[in-house]
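Listing of structure39.tsv, TSV, C-alpha atoms and all ligand atoms
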```tsv
chain	number	residue	atom	x	y	z
A	28	MET	CA	120.41	-41.52	134.18
A	29	LYS	CA	120.87	-44.04	136.99
A	30	LYS	CA	119.62	-43.37	140.54
A	31	ASN	CA	123.21	-42.88	141.77
A	32	ASP	CA	123.95	-40.30	139.08
A	33	ILE	CA	120.78	-38.35	139.86
A	34	GLN	CA	121.64	-38.40	143.55
A	35	LYS	CA	124.97	-36.72	142.77
A	36	LEU	CA	123.12	-33.79	141.22
A	37	VAL	CA	121.34	-32.71	144.41
A	38	LYS	CA	122.54	-31.31	147.73
A	39	PRO	CA	123.88	-34.28	149.74
A	40	SER	CA	121.41	-33.50	152.53
A	41	ILE	CA	118.49	-34.18	150.16
A	42	ASN	CA	119.59	-37.79	149.75
A	43	LYS	CA	119.19	-38.21	153.52
A	44	ILE	CA	115.55	-37.20	153.55
A	45	ALA	CA	112.87	-39.82	154.20
A	46	LYS	CA	109.71	-38.86	152.30
A	47	TYR	CA	106.86	-37.42	154.37
A	48	ILE	CA	104.18	-40.08	154.65
A	49	PRO	CA	100.75	-38.58	155.35
A	50	GLY	CA	98.02	-40.44	157.25
A	51	GLU	CA	96.37	-43.02	154.98
A	52	SER	CA	93.14	-41.81	153.36
A	53	SER	CA	91.87	-45.15	152.09
A	54	ILE	CA	92.18	-48.82	152.94
A	55	ASN	CA	92.90	-50.93	149.84
A	56	GLY	CA	91.23	-48.25	147.75
A	57	LYS	CA	88.08	-48.23	149.91
A	58	THR	CA	87.24	-44.72	151.05
A	59	ASN	CA	84.36	-45.68	153.33
A	60	ILE	CA	86.59	-45.35	156.37
A	61	ILE	CA	87.01	-43.59	159.69
A	62	LYS	CA	90.12	-41.48	159.26
A	63	LEU	CA	91.59	-40.48	162.60
A	64	SER	CA	95.17	-40.16	161.40
A	65	SER	CA	95.69	-36.57	160.21
A	66	ASN	CA	94.03	-34.31	162.82
A	67	GLU	CA	91.47	-32.98	160.38
A	68	SER	CA	88.16	-31.49	161.43
A	69	PRO	CA	85.31	-34.02	161.69
A	70	PHE	CA	82.88	-31.27	160.58
A	71	SER	CA	81.92	-30.18	157.09
A	72	ILE	CA	82.09	-26.43	156.60
A	73	PRO	CA	78.72	-24.63	156.86
A	74	LYS	CA	76.65	-24.81	153.65
A	75	LYS	CA	76.56	-21.02	153.59
A	76	VAL	CA	80.34	-21.01	153.17
A	77	SER	CA	80.55	-23.64	150.46
A	78	LYS	CA	77.67	-21.97	148.62
A	79	SER	CA	79.47	-18.62	148.76
A	80	VAL	CA	81.63	-19.98	145.97
A	81	ASN	CA	79.47	-20.83	143.04
A	82	SER	CA	81.59	-22.54	140.40
A	83	SER	CA	79.54	-20.93	137.62
A	84	ASN	CA	80.53	-17.42	138.64
A	85	ILE	CA	84.15	-18.11	139.48
A	86	GLN	CA	86.59	-17.53	136.66
A	87	VAL	CA	89.10	-20.34	136.82
A	88	ASN	CA	90.48	-19.31	133.44
A	89	LEU	CA	92.06	-16.34	135.20
A	90	TYR	CA	94.80	-16.37	137.81
A	91	PRO	CA	93.78	-15.70	141.39
A	92	ASP	CA	94.85	-12.52	143.18
A	93	GLY	CA	98.57	-13.21	143.66
A	94	ASP	CA	98.66	-11.10	146.83
A	95	SER	CA	95.53	-12.59	148.42
A	96	VAL	CA	94.52	-9.03	149.35
A	97	PHE	CA	90.96	-9.70	150.51
A	98	LEU	CA	91.97	-12.79	152.46
A	99	LYS	CA	94.79	-10.92	154.21
A	100	LYS	CA	92.37	-8.11	155.09
A	101	THR	CA	89.94	-10.62	156.57
A	102	ILE	CA	92.69	-12.38	158.56
A	103	SER	CA	93.97	-9.04	159.84
A	104	GLU	CA	90.46	-8.02	160.99
A	105	THR	CA	89.72	-11.40	162.56
A	106	PHE	CA	92.96	-11.64	164.54
A	107	ASN	CA	93.52	-7.90	164.99
A	108	LEU	CA	96.78	-7.84	163.05
A	109	ASN	CA	98.55	-5.59	160.59
A	110	LYS	CA	97.69	-6.81	157.08
A	111	ASN	CA	101.15	-5.88	155.81
A	112	GLN	CA	102.70	-8.41	158.14
A	113	ILE	CA	100.80	-11.41	156.78
A	114	ILE	CA	101.81	-13.89	154.10
A	115	CYS	CA	99.37	-16.52	152.79
A	116	GLY	CA	100.34	-19.90	151.44
A	117	ASN	CA	99.19	-23.14	149.89
A	118	GLY	CA	98.83	-24.69	153.34
A	119	SER	CA	101.13	-23.71	156.19
A	120	ASP	CA	103.61	-26.31	154.95
A	121	ASP	CA	104.10	-24.08	151.89
A	122	ILE	CA	105.06	-21.19	154.17
A	123	LEU	CA	107.31	-23.34	156.38
A	124	SER	CA	109.17	-24.39	153.28
A	125	ILE	CA	109.45	-20.78	152.00
A	126	ILE	CA	110.95	-19.82	155.37
A	127	ALA	CA	113.58	-22.56	155.10
A	128	GLN	CA	114.30	-21.56	151.50
A	129	ALA	CA	114.70	-17.90	152.45
A	130	PHE	CA	116.96	-18.24	155.46
A	131	LEU	CA	118.97	-21.42	155.10
A	132	ARG	CA	122.15	-22.20	153.25
A	133	GLU	CA	124.41	-25.25	153.35
A	134	ASN	CA	126.06	-25.96	156.71
A	135	ASP	CA	123.59	-23.85	158.68
A	136	GLU	CA	121.99	-25.56	161.63
A	137	VAL	CA	118.30	-25.88	162.35
A	138	ILE	CA	117.04	-26.86	165.78
A	139	CYS	CA	113.94	-29.00	166.08
A	140	SER	CA	112.53	-30.62	169.17
A	141	GLU	CA	112.60	-34.37	169.57
A	142	TYR	CA	109.10	-35.72	168.79
A	143	GLY	CA	108.16	-32.62	166.81
A	144	PHE	CA	106.40	-32.22	163.47
A	145	ILE	CA	108.30	-34.31	160.96
A	146	TYR	CA	108.17	-31.79	158.11
A	147	TYR	CA	110.67	-29.36	159.76
A	148	PRO	CA	113.71	-31.67	159.33
A	149	ILE	CA	112.63	-32.34	155.74
A	150	ILE	CA	112.62	-28.68	154.70
A	151	ALA	CA	115.79	-27.96	156.66
A	152	LYS	CA	117.65	-30.77	154.88
A	153	ALA	CA	116.17	-29.75	151.51
A	154	SER	CA	117.86	-26.38	152.01
A	155	GLY	CA	121.18	-28.06	152.82
A	156	ALA	CA	121.08	-27.40	156.55
A	157	ARG	CA	121.99	-29.79	159.34
A	158	VAL	CA	119.26	-30.71	161.80
A	159	ILE	CA	120.02	-30.60	165.51
A	160	THR	CA	117.43	-32.41	167.61
A	161	ALA	CA	116.88	-31.01	171.10
A	162	LYS	CA	115.84	-33.74	173.55
A	163	SER	CA	112.32	-33.36	174.90
A	164	LYS	CA	111.38	-33.73	178.56
A	165	ASN	CA	108.57	-36.13	179.45
A	166	LEU	CA	107.20	-35.69	175.92
A	167	ASN	CA	107.17	-31.89	176.32
A	168	ILE	CA	109.33	-29.54	174.27
A	169	SER	CA	112.30	-28.57	176.43
A	170	CYS	CA	113.13	-24.86	175.98
A	171	GLU	CA	116.21	-25.48	178.09
A	172	ASN	CA	117.50	-28.18	175.73
A	173	ILE	CA	116.75	-26.03	172.68
A	174	LEU	CA	118.75	-23.17	174.22
A	175	LYS	CA	121.62	-25.56	174.97
A	176	SER	CA	121.62	-26.69	171.32
A	177	ILE	CA	122.20	-23.17	169.95
A	178	SER	CA	125.55	-22.68	168.24
A	179	LYS	CA	127.11	-20.04	165.99
A	180	LYS	CA	125.67	-21.96	163.04
A	181	THR	CA	122.04	-21.96	164.26
A	182	LYS	CA	119.76	-20.19	161.79
A	183	ILE	CA	116.24	-21.37	162.54
A	184	ILE	CA	114.42	-22.96	165.48
A	185	PHE	CA	111.17	-24.68	164.55
A	186	PHE	CA	108.55	-25.89	167.00
A	187	ALA	CA	104.80	-26.25	167.16
A	188	ASN	CA	102.77	-24.90	170.09
A	189	PRO	CA	100.75	-27.06	170.77
A	190	ASN	CA	103.19	-29.69	169.64
A	191	ASN	CA	102.25	-32.40	167.17
A	192	PRO	CA	102.26	-35.36	167.93
A	193	THR	CA	102.50	-35.01	171.72
A	194	GLY	CA	99.74	-32.41	172.26
A	195	SER	CA	101.79	-30.51	174.87
A	196	ILE	CA	102.10	-26.71	175.07
A	197	ILE	CA	104.49	-24.05	176.22
A	198	PHE	CA	102.64	-21.41	178.26
A	199	ARG	CA	102.96	-17.67	177.58
A	200	LYS	CA	105.33	-16.91	180.46
A	201	GLU	CA	107.79	-19.64	179.51
A	202	LEU	CA	107.52	-18.82	175.80
A	203	ASN	CA	108.27	-15.17	176.51
A	204	GLN	CA	111.29	-16.03	178.66
A	205	PHE	CA	112.49	-18.52	176.08
A	206	LEU	CA	112.25	-16.03	173.19
A	207	ARG	CA	114.13	-13.44	175.24
A	208	GLN	CA	117.10	-15.79	175.54
A	209	ILE	CA	117.37	-16.55	171.82
A	210	PRO	CA	119.84	-14.36	169.89
A	211	LYS	CA	118.05	-12.04	167.46
A	212	ASN	CA	119.94	-13.40	164.46
A	213	ILE	CA	118.15	-16.74	164.84
A	214	ILE	CA	114.71	-17.06	163.28
A	215	VAL	CA	112.17	-18.68	165.58
A	216	VAL	CA	109.17	-20.30	163.95
A	217	VAL	CA	106.24	-20.94	166.28
A	218	ASP	CA	103.85	-23.18	164.38
A	219	GLY	CA	100.33	-22.56	165.64
A	220	ALA	CA	98.52	-25.15	163.55
A	221	TYR	CA	96.42	-26.12	166.61
A	222	SER	CA	96.31	-22.74	168.42
A	223	GLU	CA	92.58	-22.12	167.99
A	224	PHE	CA	91.72	-25.15	170.12
A	225	ILE	CA	93.13	-23.49	173.24
A	226	LEU	CA	91.10	-21.14	175.41
A	227	ASN	CA	93.48	-21.22	178.39
A	228	LYS	CA	94.40	-17.61	179.23
A	229	LYS	CA	97.93	-18.63	180.23
A	230	TYR	CA	98.62	-19.68	176.64
A	231	SER	CA	99.80	-17.34	173.89
A	232	ASP	CA	99.57	-18.27	170.21
A	233	GLY	CA	102.59	-15.98	169.74
A	234	LEU	CA	100.84	-13.43	167.50
A	235	ASP	CA	101.03	-10.76	170.22
A	236	LEU	CA	104.74	-11.46	170.69
A	237	VAL	CA	105.69	-10.61	167.10
A	238	LYS	CA	105.79	-6.90	168.07
A	239	LYS	CA	108.35	-7.65	170.74
A	240	PHE	CA	110.49	-10.21	168.90
A	241	SER	CA	111.62	-9.17	165.44
A	242	ASN	CA	113.00	-12.67	164.75
A	243	LEU	CA	109.68	-14.45	165.43
A	244	ILE	CA	107.46	-15.97	162.72
A	245	VAL	CA	104.10	-17.45	163.69
A	246	THR	CA	102.51	-19.84	161.19
A	247	ARG	CA	98.82	-20.77	161.11
A	248	THR	CA	96.61	-23.08	159.12
A	249	PHE	CA	93.03	-23.39	157.89
A	250	SER	CA	93.44	-27.20	157.80
A	251	LYS	CA	92.51	-28.00	161.39
A	252	ILE	CA	89.78	-26.09	163.24
A	253	PHE	CA	88.63	-24.31	160.06
A	254	ALA	CA	88.08	-27.65	158.30
A	255	LEU	CA	89.73	-26.70	155.00
A	256	ALA	CA	92.56	-29.27	154.83
A	257	GLY	CA	91.63	-30.27	151.29
A	258	LEU	CA	91.70	-26.69	149.98
A	259	ARG	CA	95.27	-26.03	151.21
A	260	LEU	CA	95.47	-22.70	153.00
A	261	GLY	CA	97.81	-21.31	155.62
A	262	TRP	CA	99.32	-18.01	156.66
A	263	ALA	CA	102.10	-16.52	158.74
A	264	TYR	CA	102.66	-13.36	160.77
A	265	ALA	CA	106.00	-11.68	161.33
A	266	SER	CA	107.77	-8.33	161.07
A	267	ARG	CA	107.27	-6.36	157.84
A	268	GLU	CA	110.91	-7.02	156.96
A	269	ILE	CA	110.57	-10.80	157.21
A	270	ILE	CA	107.25	-10.85	155.34
A	271	TYR	CA	108.74	-8.70	152.58
A	272	LEU	CA	111.50	-11.29	152.07
A	273	LEU	CA	109.14	-14.27	152.08
A	274	GLU	CA	106.73	-12.55	149.68
A	275	LYS	CA	109.56	-12.17	147.17
A	276	ILE	CA	110.19	-15.89	146.80
A	277	ARG	CA	106.77	-17.51	147.22
A	278	GLY	CA	105.02	-18.88	144.16
A	279	PRO	CA	103.43	-15.93	142.30
A	280	PHE	CA	99.92	-17.41	142.68
A	281	ASN	CA	100.44	-19.77	145.58
A	282	VAL	CA	96.87	-19.52	146.95
A	283	ASN	CA	94.10	-20.69	144.63
A	284	LEU	CA	90.82	-18.86	144.01
A	285	TYR	CA	88.65	-21.20	146.05
A	286	ALA	CA	90.99	-21.17	149.02
A	287	GLN	CA	91.04	-17.36	149.08
A	288	LYS	CA	87.24	-17.05	148.92
A	289	ILE	CA	86.29	-19.90	151.24
A	290	GLY	CA	89.11	-19.06	153.66
A	291	ALA	CA	87.87	-15.49	154.04
A	292	SER	CA	84.30	-16.71	154.41
A	293	ILE	CA	84.95	-19.38	157.09
A	294	LEU	CA	86.59	-16.77	159.33
A	295	GLN	CA	83.17	-15.11	159.69
A	296	GLU	CA	81.58	-18.31	161.00
A	297	LYS	CA	81.95	-17.75	164.73
A	298	GLY	CA	79.30	-20.39	165.50
A	299	PHE	CA	81.23	-23.03	163.57
A	300	LEU	CA	84.41	-22.13	165.45
A	301	LYS	CA	82.62	-22.33	168.80
A	302	LYS	CA	81.02	-25.68	167.94
A	303	SER	CA	84.43	-27.09	166.93
A	304	ILE	CA	86.15	-25.86	170.09
A	305	ASN	CA	83.41	-27.21	172.36
A	306	HIS	CA	83.39	-30.57	170.61
A	307	ASN	CA	87.16	-30.76	171.03
A	308	ILE	CA	87.08	-29.79	174.70
A	309	LYS	CA	84.51	-32.52	175.34
A	310	TRP	CA	86.66	-35.23	173.73
A	311	GLN	CA	89.96	-33.91	175.12
A	312	LYS	CA	88.59	-34.97	178.51
A	313	LYS	CA	86.52	-37.96	177.54
A	314	LEU	CA	88.75	-39.82	175.09
A	315	PRO	CA	91.90	-40.14	177.28
A	316	LYS	CA	89.68	-41.41	180.10
A	317	LEU	CA	88.04	-44.05	177.92
A	318	ILE	CA	91.39	-45.12	176.47
A	319	LYS	CA	92.90	-45.47	179.95
A	320	GLU	CA	89.95	-47.58	181.09
A	321	LEU	CA	90.88	-50.01	178.33
A	322	GLY	CA	94.41	-50.45	179.69
A	323	LEU	CA	96.39	-48.08	177.43
A	324	TYR	CA	98.04	-44.81	178.44
A	325	ALA	CA	96.71	-41.55	176.96
A	326	GLN	CA	98.71	-38.35	177.23
A	327	PRO	CA	96.76	-35.19	178.23
A	328	THR	CA	96.36	-32.96	175.17
A	329	TYR	CA	95.76	-29.32	174.27
A	330	ALA	CA	95.12	-30.11	170.61
A	331	ASN	CA	92.64	-32.18	168.56
A	332	PHE	CA	94.48	-35.47	168.89
A	333	ILE	CA	95.55	-37.85	171.61
A	334	LEU	CA	98.89	-39.55	171.95
A	335	VAL	CA	98.38	-43.15	173.06
A	336	LYS	CA	101.06	-45.36	174.60
A	337	VAL	CA	100.87	-49.12	174.32
A	338	ASP	CA	102.64	-51.08	177.03
A	339	LYS	CA	104.44	-53.71	174.98
A	340	LYS	CA	104.37	-56.17	177.85
A	341	LYS	CA	100.58	-56.11	177.62
A	342	PHE	CA	99.77	-55.51	173.96
A	343	ASP	CA	101.36	-55.58	170.53
A	344	LYS	CA	100.86	-52.11	168.96
A	345	LYS	CA	101.02	-53.48	165.42
A	346	LYS	CA	98.15	-55.87	166.21
A	347	ILE	CA	96.05	-53.00	167.57
A	348	ILE	CA	96.62	-50.85	164.48
A	349	LYS	CA	95.94	-53.81	162.20
A	350	GLY	CA	92.80	-54.68	164.16
A	351	LEU	CA	91.55	-51.11	163.84
A	352	LEU	CA	92.26	-51.16	160.10
A	353	SER	CA	90.17	-54.29	159.75
A	354	GLU	CA	87.34	-52.26	161.34
A	355	ARG	CA	88.04	-49.52	158.73
A	356	ILE	CA	89.60	-47.18	161.30
A	357	ILE	CA	92.90	-45.45	160.55
A	358	VAL	CA	95.04	-44.05	163.36
A	359	ARG	CA	98.61	-42.77	163.02
A	360	ASP	CA	101.44	-45.13	163.92
A	361	LEU	CA	104.19	-42.95	165.40
A	362	SER	CA	107.16	-45.27	164.86
A	363	SER	CA	108.44	-42.90	162.15
A	364	TYR	CA	108.54	-40.16	164.83
A	365	GLY	CA	110.77	-42.37	167.00
A	366	LEU	CA	107.78	-43.08	169.25
A	367	ASP	CA	107.82	-46.85	168.85
A	368	ASP	CA	105.26	-47.61	171.56
A	369	PHE	CA	102.81	-44.89	170.53
A	370	PHE	CA	100.03	-44.13	168.09
A	371	ARG	CA	98.00	-40.94	167.67
A	372	VAL	CA	94.26	-40.67	167.29
A	373	SER	CA	92.49	-37.52	166.07
A	374	VAL	CA	89.34	-36.15	167.64
A	375	GLY	CA	86.76	-37.30	165.12
A	376	SER	CA	82.98	-36.94	165.29
A	377	ASP	CA	80.95	-38.41	168.19
A	378	THR	CA	79.94	-41.35	166.01
A	379	GLN	CA	83.48	-41.99	164.78
A	380	LEU	CA	84.94	-41.88	168.28
A	381	ASN	CA	82.26	-44.12	169.76
A	382	ILE	CA	83.00	-46.68	167.04
A	383	PHE	CA	86.74	-46.24	167.66
A	384	VAL	CA	86.42	-46.87	171.42
A	385	ASN	CA	84.17	-49.91	170.93
A	386	SER	CA	86.46	-51.38	168.29
A	387	LEU	CA	89.54	-50.74	170.42
A	388	LYS	CA	87.87	-52.50	173.35
A	389	LYS	CA	87.04	-55.51	171.19
A	390	ILE	CA	90.58	-55.69	169.76
A	391	LEU	CA	92.29	-55.39	173.16
A	392	ASN	CA	90.04	-58.12	174.60
A	393	LYS	CA	90.86	-60.35	171.66
A	394	ILE	CA	94.60	-59.79	172.14
A	395	SER	CA	94.34	-60.45	175.90
A	396	ASN	CA	92.30	-63.61	175.41
A	397	ALA	CA	94.69	-64.95	172.76
A	398	LYS	CA	97.57	-64.40	175.21
A	399	LYS	CA	95.79	-66.33	177.98
A	400	ASN	CA	95.09	-69.34	175.74
B	1	LIG	C1	102.25	-28.87	163.57
B	1	LIG	C2	101.78	-28.84	162.16
B	1	LIG	N1	102.18	-27.85	161.37
B	1	LIG	C3	101.78	-27.75	160.09
B	1	LIG	C4	100.96	-28.71	159.54
B	1	LIG	C5	100.60	-28.60	158.09
B	1	LIG	O1	99.41	-27.97	157.93
B	1	LIG	P1	98.90	-27.46	156.52
B	1	LIG	O2	97.77	-28.32	156.17
B	1	LIG	O3	98.51	-26.04	156.77
B	1	LIG	O4	100.03	-27.56	155.55
B	1	LIG	C6	100.51	-29.77	160.31
B	1	LIG	C7	99.65	-30.81	159.74
B	1	LIG	O5	99.34	-31.81	160.28
B	1	LIG	C8	100.94	-29.84	161.67
B	1	LIG	O6	100.56	-30.84	162.46
```

Please go through the file and, once you have read it, give me the structure as structure tokens.
Ligand SMILES: Cc1ncc(COP(=O)(O)O)c(C=O)c1O
Amino acid sequence: MKKNDIQKLVKPSINKIAKYIPGESSINGKTNIIKLSSNESPFSIPKKVSKSVNSSNIQVNLYPDGDSVFLKKTISETFNLNKNQIICGNGSDDILSIIAQAFLRENDEVICSEYGFIYYPIIAKASGARVITAKSKNLNISCENILKSISKKTKIIFFANPNNPTGSIIFRKELNQFLRQIPKNIIVVVDGAYSEFILNKKYSDGLDLVKKFSNLIVTRTFSKIFALAGLRLGWAYASREIIYLLEKIRGPFNVNLYAQKIGASILQEKGFLKKSINHNIKWQKKLPKLIKELGLYAQPTYANFILVKVDKKKFDKKKIIKGLLSERIIVRDLSSYGLDDFFRVSVGSDTQLNIFVNSLKKILNKISNAKKN
């Protein structure tokens, strides 16, 4: 069958999807690189945790527990939640996509914020829905503009708090007020992929608001602070009724054996969590300052990445990214997010970030000198 004929077989909205491009993980096949493009943890999980799963005593010939019972119990104890209101998934992107599949039909509308996580429009379109983009305000999610975008057709509102790629947050008070104004027949997904990085008391990860808002779903991941991106593990918390629906349509064994065991084990590692938070807090302050000293703009962040703006009158962003690549450093170009003058850099290890800053300095000097000559 020709490409055109195949395209006629799918929902028209699927033909409009641009494939999700993840941060590069190698340069020309070389893996000896500094990857600061996907907001992963720079730390390896504690040996104790990886050793807890000994491949000789794990039976991969058998299916894993389809209901992830032990993992759900551990999550419920760690976060003080009801275990019957948790769903686990093959990464939080699995759960986001199950949510879209469960609630959306053709001609529904989904509201996403401008400069939000790029996977939300993909799953909305895959379900046949139309995506309405609410303008952001100074790179922050605008609750006001989301509310203005609501129509009779709105089915789901997706946003991340903190937001990726801008690193901004909505504080508890505003989030609460915002949720109160959203009609109950609209599902609100608060994606908390970066929640654990925030200690600020004025912030809510939304888990405590699920009791109050029956239309709220909070999604979480083990890919960021818990350093398990490669294992693929995420979860969500919502009312029993919503979880019941999502559980019906997820893959029967959507969380693999290793992810269930290691996921439950890493939650016990309070020292690892503390180390990761402290490391992040240190670089949240230090990295924007160093970047600004070099003549670029760095947006304040609540997450484990920094949004960097390149003044095009001074520097060519493409040259910076190319220069970093030649030093084996990968950052995330944000042109595909509509942020043409920006790139994003993840909080890597001390060594990685020191190399990044030195390389950036060298590259910017080179660009400036070439301009003068
Ligand atoms: C806001 C946000 N949500 C979800 C995800 C996906 O996470 P997971 O690895 O759990 O699928 C990411 C990954 O970068 C993200 O930035």

Please identify every residue of chain A that has at least one atom no farther than 9 Å from an atom of ligand LIG 1 (chain B), counting all atoms listed in the file, and for each give the shortest atom pair and the distance in Å to one decimal, arranged by chain then increasing number, as CSV.
```
residue,atom,partner,partner_atom,distance
A:Pro49,CA,B:LIG1,O5,8.5
A:Ser65,CA,B:LIG1,O5,6.0
A:Asn66,CA,B:LIG1,O5,6.4
A:Glu67,CA,B:LIG1,O5,8.0
A:Gly116,CA,B:LIG1,O3,8.3
A:Asn117,CA,B:LIG1,O4,7.2
A:Gly118,CA,B:LIG1,O3,3.7
A:Ser119,CA,B:LIG1,O3,3.6
A:Asp120,CA,B:LIG1,O4,3.8
A:Asp121,CA,B:LIG1,O4,6.5
A:Ile122,CA,B:LIG1,O4,8.2
A:Leu123,CA,B:LIG1,C3,8.0
A:Gly143,CA,B:LIG1,C1,7.7
A:Phe144,CA,B:LIG1,C1,5.3
A:Ile145,CA,B:LIG1,C1,8.5
A:Tyr146,CA,B:LIG1,C3,7.8
A:Tyr147,CA,B:LIG1,N1,8.8
A:Phe186,CA,B:LIG1,C1,7.8
A:Ala187,CA,B:LIG1,C1,5.1
A:Asn188,CA,B:LIG1,C1,7.7
A:Pro189,CA,B:LIG1,C1,7.6
A:Asn190,CA,B:LIG1,C1,6.2
A:Asn191,CA,B:LIG1,C1,5.0
A:Pro192,CA,B:LIG1,O6,7.3
A:Asp218,CA,B:LIG1,N1,5.8
A:Gly219,CA,B:LIG1,C1,6.9
A:Ala220,CA,B:LIG1,N1,5.0
A:Tyr221,CA,B:LIG1,C1,7.1
A:Thr246,CA,B:LIG1,N1,8.0
A:Arg247,CA,B:LIG1,O3,6.8
A:Thr248,CA,B:LIG1,O3,4.2
A:Phe249,CA,B:LIG1,O3,6.2
A:Ser250,CA,B:LIG1,O2,4.8
A:Lys251,CA,B:LIG1,O2,7.4
A:Leu255,CA,B:LIG1,O2,8.3
A:Ala256,CA,B:LIG1,O2,5.5
A:Gly257,CA,B:LIG1,O2,8.1
A:Leu258,CA,B:LIG1,O2,8.8
A:Arg259,CA,B:LIG1,O2,6.0
A:Leu260,CA,B:LIG1,O3,5.9
A:Gly261,CA,B:LIG1,O3,4.9
A:Trp262,CA,B:LIG1,O3,8.1
```

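What separates CA of Leu387 in chain A from CA of Gly50 in chain A is a distance of 18.7 Å.
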
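Here CA of Lys309 in chain A stands at a distance of 18.1 Å from CA of Ala254 in chain A.
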
Of the residues A:Asn305, A:Asn203, A:Ser386, A:Thr58, which is the one nearest to Leu321 in chain A, using all atoms listed in the file? A:Ser386

With only C-alpha atoms as the counted atoms, please give the residues lying no more than 12 Å from Val237 in chain A, apart from itself and same-chain residues fewer than 2 positions off, as a compact mmCIF listing (two decimals) with C-alpha atoms, keeping the file's coordinate frame.
```txt
# COMPACT_ATOMS: atom_id res chain seq x y z
CA LEU A 108 96.78 -7.84 163.05
CA ASN A 109 98.55 -5.59 160.59
CA GLN A 112 102.70 -8.41 158.14
CA ILE A 113 100.80 -11.41 156.78
CA ASN A 203 108.27 -15.17 176.51
CA LEU A 206 112.25 -16.03 173.19
CA ILE A 214 114.71 -17.06 163.28
CA VAL A 215 112.17 -18.68 165.58
CA VAL A 216 109.17 -20.30 163.95
CA VAL A 217 106.24 -20.94 166.28
CA SER A 231 99.80 -17.34 173.89
CA ASP A 232 99.57 -18.27 170.21
CA GLY A 233 102.59 -15.98 169.74
CA LEU A 234 100.84 -13.43 167.50
CA ASP A 235 101.03 -10.76 170.22
CA LYS A 239 108.35 -7.65 170.74
CA PHE A 240 110.49 -10.21 168.90
CA SER A 241 111.62 -9.17 165.44
CA ASN A 242 113.00 -12.67 164.75
CA LEU A 243 109.68 -14.45 165.43
CA ILE A 244 107.46 -15.97 162.72
CA VAL A 245 104.10 -17.45 163.69
CA THR A 246 102.51 -19.84 161.19
CA ALA A 263 102.10 -16.52 158.74
CA TYR A 264 102.66 -13.36 160.77
CA ALA A 265 106.00 -11.68 161.33
CA SER A 266 107.77 -8.33 161.07
CA ARG A 267 107.27 -6.36 157.84
CA GLU A 268 110.91 -7.02 156.96
CA ILE A 269 110.57 -10.80 157.21
CA ILE A 270 107.25 -10.85 155.34
```

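Interatomic distance, CA of Ile150 in chain A against CA of Glu223 in chain A: 24.9 Å.
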
Select, from A:Glu51, A:Lys275, A:Ala153, A:Asp92, the residue with the minimum atom-to-atom distance to Val37 in chain A, counting all atoms listed in the file. A:Ala153

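When the distance limit is 6 Å and all atoms listed in the file are what count, the residues near Phe198 in chain A, minus those fewer than 2 positions from it on the same chain, are Lys200, Glu201, Lys229 and Tyr230 of chain A.
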
Got time to write the residues from that selection, C-alpha atoms, as a PDB file, keeping the file's coordinate frame?
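Everything below was put into part-v1.pdb:
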```pdb
ATOM      1  CA  LYS A 200     105.330 -16.910 180.460  1.00  0.00           C
ATOM      2  CA  GLU A 201     107.790 -19.640 179.510  1.00  0.00           C
ATOM      3  CA  LYS A 229      97.930 -18.630 180.230  1.00  0.00           C
ATOM      4  CA  TYR A 230      98.620 -19.680 176.640  1.00  0.00           C
TER       5      TYR A 230
END
```

Need to verify the contact set: range 371-379 of chain A, 9 Å, only C-alpha atoms, exclusion of same-chain residues closer than 4 positions in sequence. Can you return it as a ChimeraX atom specification? /A:61-70,192-193,306-307,310-311,314,330-336,356-361,383-384

How would the residues just chosen look if you wrote them out with C-alpha atoms as a CSV table (one decimal), in the frame of the given file?
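Contents of out-v1.csv, as written:
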```csv
chain,number,residue,atom,x,y,z
A,61,ILE,CA,87.0,-43.6,159.7
A,62,LYS,CA,90.1,-41.5,159.3
A,63,LEU,CA,91.6,-40.5,162.6
A,64,SER,CA,95.2,-40.2,161.4
A,65,SER,CA,95.7,-36.6,160.2
A,66,ASN,CA,94.0,-34.3,162.8
A,67,GLU,CA,91.5,-33.0,160.4
A,68,SER,CA,88.2,-31.5,161.4
A,69,PRO,CA,85.3,-34.0,161.7
A,70,PHE,CA,82.9,-31.3,160.6
A,192,PRO,CA,102.3,-35.4,167.9
A,193,THR,CA,102.5,-35.0,171.7
A,306,HIS,CA,83.4,-30.6,170.6
A,307,ASN,CA,87.2,-30.8,171.0
A,310,TRP,CA,86.7,-35.2,173.7
A,311,GLN,CA,90.0,-33.9,175.1
A,314,LEU,CA,88.8,-39.8,175.1
A,330,ALA,CA,95.1,-30.1,170.6
A,331,ASN,CA,92.6,-32.2,168.6
A,332,PHE,CA,94.5,-35.5,168.9
A,333,ILE,CA,95.6,-37.8,171.6
A,334,LEU,CA,98.9,-39.6,172.0
A,335,VAL,CA,98.4,-43.2,173.1
A,336,LYS,CA,101.1,-45.4,174.6
A,356,ILE,CA,89.6,-47.2,161.3
A,357,ILE,CA,92.9,-45.4,160.6
A,358,VAL,CA,95.0,-44.0,163.4
A,359,ARG,CA,98.6,-42.8,163.0
A,360,ASP,CA,101.4,-45.1,163.9
A,361,LEU,CA,104.2,-43.0,165.4
A,383,PHE,CA,86.7,-46.2,167.7
A,384,VAL,CA,86.4,-46.9,171.4
```

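With distances restricted to all atoms listed in the file, A:Ser40 is the closest residue to Pro148 in chain A from A:Asn381, A:Asn55, A:Asn88, A:Ser40.
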
Which protein, DNA or RNA residues are at most 10 Å from (129.5, -27.7, 155.6) in the file's coordinates when you count all atoms listed in the file, listed as a ChimeraX atom specification? /A:132-136,155-157
